[in-house]
Amino acid sequence: MLTVNSYNTCPYCTGLHGELARMSGLDGDTIVDSGSSTKSDANGNDDDGEDETNVSEEVKYAQTFAIESGRGNAVKFAYDNMLNTIGIKHAKSVRALCWALLWGKTTGNTINNARDKILNKGSGKKEKVTSLDVFMLIYYGPLFSVIGVLNKILTTLPSVPKLVSSVIGAVLWLPQAINITPLGIVSLVLNKGVV
């Protein structure tokens, strides 16, 4: 999560995942390093050209996925490397998580953009509010408002055991799944089952 968030920044995602990482026992330096270590390419080479052999295939894939927005030959290559290392079940999980994070970042930033248009914040000139802006605020705004409030609450909580961290993750996943499922079903129907 931290790797993808370091490239695809969104205040909701970055805040939530950073706090969850802190609560799971990572210290601030490790959380920052998770983001800055993503400056390496899919082969594990960072900006100074030194090999980072300690970078897992999952992190390499997440880096490439984030940089390429989940598309292209570099993503396929990184996925194949990860698949050969960790197996299909775990590779599919990592890929699904990367897509969920990309969706979250895109949606969160779209909501912020729509909010700023309505409040006339940002560019200094009045921007036209589109029907997509209104839809995003009505449909996804409540979910991301809850995430924003949760971010604030999590900053006050201590580190927790792994089991508690897993339960928190499952609880946080449920509202997103409930929120996105209706549009997913509509999409499947409109596309005749083709994903």
# chains A, B, ... in the order shown; residues from 1 in each chain; ligands from 1
$ select_by_dssp --residues "stretch 46-89 of chain A" --states "alpha helix (DSSP H)" --output "PyMOL selection string"
chain A and resi 57-68+73-86+88-89
$ residues_around --residues "A:Arg95" --least-positions-apart "4" --cutoff "10 Å" --atoms "only C-alpha atoms" --output "PyMOL selection string"
chain A and resi 58+61-62+65+70+79+82+90-91+99-101
$ write_last_selection --atoms "all heavy atoms" --output "CSV table (one decimal), in the first residue's frame"
chain,number,residue,atom,x,y,z
A,58,GLU,N,7.0,-8.2,-5.0
A,58,GLU,CA,5.7,-7.5,-4.8
A,58,GLU,C,5.9,-6.0,-4.9
A,58,GLU,O,5.1,-5.2,-5.5
A,58,GLU,CB,5.1,-7.9,-3.5
A,58,GLU,CG,4.7,-9.3,-3.4
A,58,GLU,CD,5.8,-10.2,-2.7
A,58,GLU,OE1,7.0,-10.1,-3.1
A,58,GLU,OE2,5.4,-11.0,-1.8
A,61,TYR,N,6.7,-4.9,-8.4
A,61,TYR,CA,5.4,-4.8,-9.2
A,61,TYR,C,4.6,-3.6,-8.8
A,61,TYR,O,4.1,-2.9,-9.7
A,61,TYR,CB,4.6,-6.1,-9.0
A,61,TYR,CG,3.2,-6.0,-9.7
A,61,TYR,CD1,3.1,-6.1,-11.0
A,61,TYR,CD2,2.1,-5.7,-8.9
A,61,TYR,CE1,1.9,-6.0,-11.7
A,61,TYR,CE2,0.9,-5.6,-9.5
A,61,TYR,CZ,0.8,-5.7,-10.9
A,61,TYR,OH,-0.5,-5.6,-11.5
A,62,ALA,N,4.4,-3.3,-7.5
A,62,ALA,CA,3.7,-2.2,-7.1
A,62,ALA,C,4.3,-0.9,-7.6
A,62,ALA,O,3.5,0.0,-8.0
A,62,ALA,CB,3.5,-2.2,-5.6
A,65,PHE,N,3.5,-0.8,-11.3
A,65,PHE,CA,2.1,-0.6,-11.5
A,65,PHE,C,1.7,0.9,-11.3
A,65,PHE,O,1.0,1.5,-12.0
A,65,PHE,CB,1.3,-1.4,-10.5
A,65,PHE,CG,-0.2,-1.4,-10.7
A,65,PHE,CD1,-0.9,-2.3,-11.4
A,65,PHE,CD2,-0.9,-0.3,-10.1
A,65,PHE,CE1,-2.2,-2.3,-11.6
A,65,PHE,CE2,-2.3,-0.3,-10.2
A,65,PHE,CZ,-3.0,-1.2,-11.0
A,70,GLY,N,-1.0,0.9,-14.0
A,70,GLY,CA,-1.5,-0.5,-14.2
A,70,GLY,C,-1.5,-1.0,-15.6
A,70,GLY,O,-2.0,-2.1,-15.9
A,79,TYR,N,4.6,-8.2,-13.4
A,79,TYR,CA,3.7,-9.1,-12.9
A,79,TYR,C,4.2,-10.6,-13.1
A,79,TYR,O,4.1,-11.4,-12.2
A,79,TYR,CB,2.3,-8.9,-13.5
A,79,TYR,CG,1.3,-9.9,-13.0
A,79,TYR,CD1,0.6,-9.7,-11.8
A,79,TYR,CD2,0.9,-11.1,-13.7
A,79,TYR,CE1,-0.3,-10.6,-11.3
A,79,TYR,CE2,0.0,-12.0,-13.2
A,79,TYR,CZ,-0.6,-11.7,-12.0
A,79,TYR,OH,-1.5,-12.6,-11.5
A,82,MET,N,6.8,-11.4,-10.6
A,82,MET,CA,6.2,-11.6,-9.3
A,82,MET,C,5.4,-12.9,-9.2
A,82,MET,O,5.6,-13.7,-8.3
A,82,MET,CB,5.2,-10.4,-9.0
A,82,MET,CG,4.5,-10.6,-7.6
A,82,MET,SD,3.3,-9.2,-7.3
A,82,MET,CE,2.1,-9.4,-8.6
A,90,HIS,N,-1.2,-15.4,-4.6
A,90,HIS,CA,-0.7,-14.1,-4.0
A,90,HIS,C,-0.5,-13.0,-5.0
A,90,HIS,O,-0.7,-11.9,-4.7
A,90,HIS,CB,0.6,-14.4,-3.2
A,90,HIS,CG,0.4,-15.2,-1.9
A,90,HIS,ND1,0.7,-16.5,-1.8
A,90,HIS,CD2,-0.2,-14.9,-0.7
A,90,HIS,CE1,0.4,-17.0,-0.7
A,90,HIS,NE2,-0.2,-16.0,0.0
A,91,ALA,N,0.0,-13.4,-6.2
A,91,ALA,CA,0.2,-12.4,-7.2
A,91,ALA,C,-1.1,-11.7,-7.6
A,91,ALA,O,-1.2,-10.5,-7.8
A,91,ALA,CB,0.8,-13.1,-8.5
A,99,TRP,N,-4.9,-2.4,-8.0
A,99,TRP,CA,-6.1,-1.8,-8.7
A,99,TRP,C,-7.0,-1.0,-7.8
A,99,TRP,O,-7.5,0.1,-8.1
A,99,TRP,CB,-6.8,-2.8,-9.5
A,99,TRP,CG,-6.2,-3.1,-10.8
A,99,TRP,CD1,-5.6,-4.3,-11.2
A,99,TRP,CD2,-6.1,-2.2,-12.0
A,99,TRP,NE1,-5.1,-4.2,-12.5
A,99,TRP,CE2,-5.4,-2.9,-13.0
A,99,TRP,CE3,-6.5,-0.9,-12.2
A,99,TRP,CZ2,-5.2,-2.4,-14.2
A,99,TRP,CZ3,-6.3,-0.4,-13.5
A,99,TRP,CH2,-5.6,-1.1,-14.4
A,100,ALA,N,-7.2,-1.6,-6.6
A,100,ALA,CA,-8.0,-0.9,-5.6
A,100,ALA,C,-7.4,0.4,-5.2
A,100,ALA,O,-8.1,1.4,-5.0
A,100,ALA,CB,-8.3,-1.8,-4.4
A,101,LEU,N,-6.1,0.4,-5.0
A,101,LEU,CA,-5.4,1.6,-4.6
A,101,LEU,C,-5.5,2.7,-5.7
A,101,LEU,O,-5.6,3.9,-5.4
A,101,LEU,CB,-4.0,1.3,-4.1
A,101,LEU,CG,-3.9,0.5,-2.9
A,101,LEU,CD1,-2.4,0.0,-2.7
A,101,LEU,CD2,-4.3,1.3,-1.7
$ closest_residue --among "A:Leu154, A:Leu174, A:Val94, A:Cys13" --to "A:Ala78" --atoms "only C-alpha atoms"
A:Val94
$ closest_residue --among "A:Arg22, A:Ile138, A:Leu97, A:Glu57" --to "A:Trp173" --atoms "only C-alpha atoms"
A:Leu97
$ residues_around --residues "stretch 114-117 of chain A" --least-positions-apart "3" --cutoff "8 Å" --atoms "only C-alpha atoms" --output "JSON list (two decimals) with N, CA and C atoms, in the first residue's frame"
[["chain", "number", "residue", "atom", "x", "y", "z"],
["A", 110, "THR", "N", -10.46, 13.02, -7.46],
["A", 110, "THR", "CA", -11.59, 13.54, -8.22],
["A", 110, "THR", "C", -12.58, 14.22, -7.28],
["A", 111, "ILE", "N", -12.83, 13.61, -6.13],
["A", 111, "ILE", "CA", -13.72, 14.21, -5.14],
["A", 111, "ILE", "C", -13.15, 15.55, -4.66],
["A", 120, "ASN", "N", -14.87, 27.02, -5.06],
["A", 120, "ASN", "CA", -14.03, 27.98, -5.78],
["A", 120, "ASN", "C", -12.65, 28.12, -5.14],
["A", 121, "LYS", "N", -12.04, 26.97, -4.82],
["A", 121, "LYS", "CA", -10.70, 26.93, -4.25],
["A", 121, "LYS", "C", -9.72, 26.55, -5.34],
["A", 122, "GLY", "N", -8.49, 26.93, -5.18],
["A", 122, "GLY", "CA", -7.44, 26.43, -6.07],
["A", 122, "GLY", "C", -6.98, 27.43, -7.09],
["A", 126, "LYS", "N", -13.23, 30.81, -11.45],
["A", 126, "LYS", "CA", -14.40, 29.95, -11.29],
["A", 126, "LYS", "C", -14.38, 28.87, -12.37],
["A", 127, "GLU", "N", -14.37, 27.61, -11.92],
["A", 127, "GLU", "CA", -14.39, 26.49, -12.86],
["A", 127, "GLU", "C", -15.79, 25.91, -12.94],
["A", 128, "LYS", "N", -16.14, 25.41, -14.11],
["A", 128, "LYS", "CA", -17.47, 24.83, -14.31],
["A", 128, "LYS", "C", -17.59, 23.51, -13.56],
["A", 129, "VAL", "N", -18.67, 23.36, -12.82],
["A", 129, "VAL", "CA", -18.96, 22.12, -12.11],
["A", 129, "VAL", "C", -19.75, 21.23, -13.07],
["A", 133, "ASP", "N", -18.77, 15.76, -11.55],
["A", 133, "ASP", "CA", -18.38, 16.30, -10.25],
["A", 133, "ASP", "C", -19.48, 16.08, -9.22],
["A", 134, "VAL", "N", -20.71, 16.40, -9.60],
["A", 134, "VAL", "CA", -21.85, 16.27, -8.69],
["A", 134, "VAL", "C", -22.06, 14.79, -8.34],
["A", 136, "MET", "N", -19.86, 12.32, -8.36],
["A", 136, "MET", "CA", -18.77, 11.84, -7.50],
["A", 136, "MET", "C", -18.97, 12.29, -6.05],
["A", 137, "LEU", "N", -19.38, 13.54, -5.89],
["A", 137, "LEU", "CA", -19.59, 14.04, -4.53],
["A", 137, "LEU", "C", -20.77, 13.36, -3.84]]
$ closest_residue --among "A:Val194, A:Thr156, A:Ser187, A:Tyr12" --to "A:Leu143" --atoms "only C-alpha atoms"
A:Tyr12
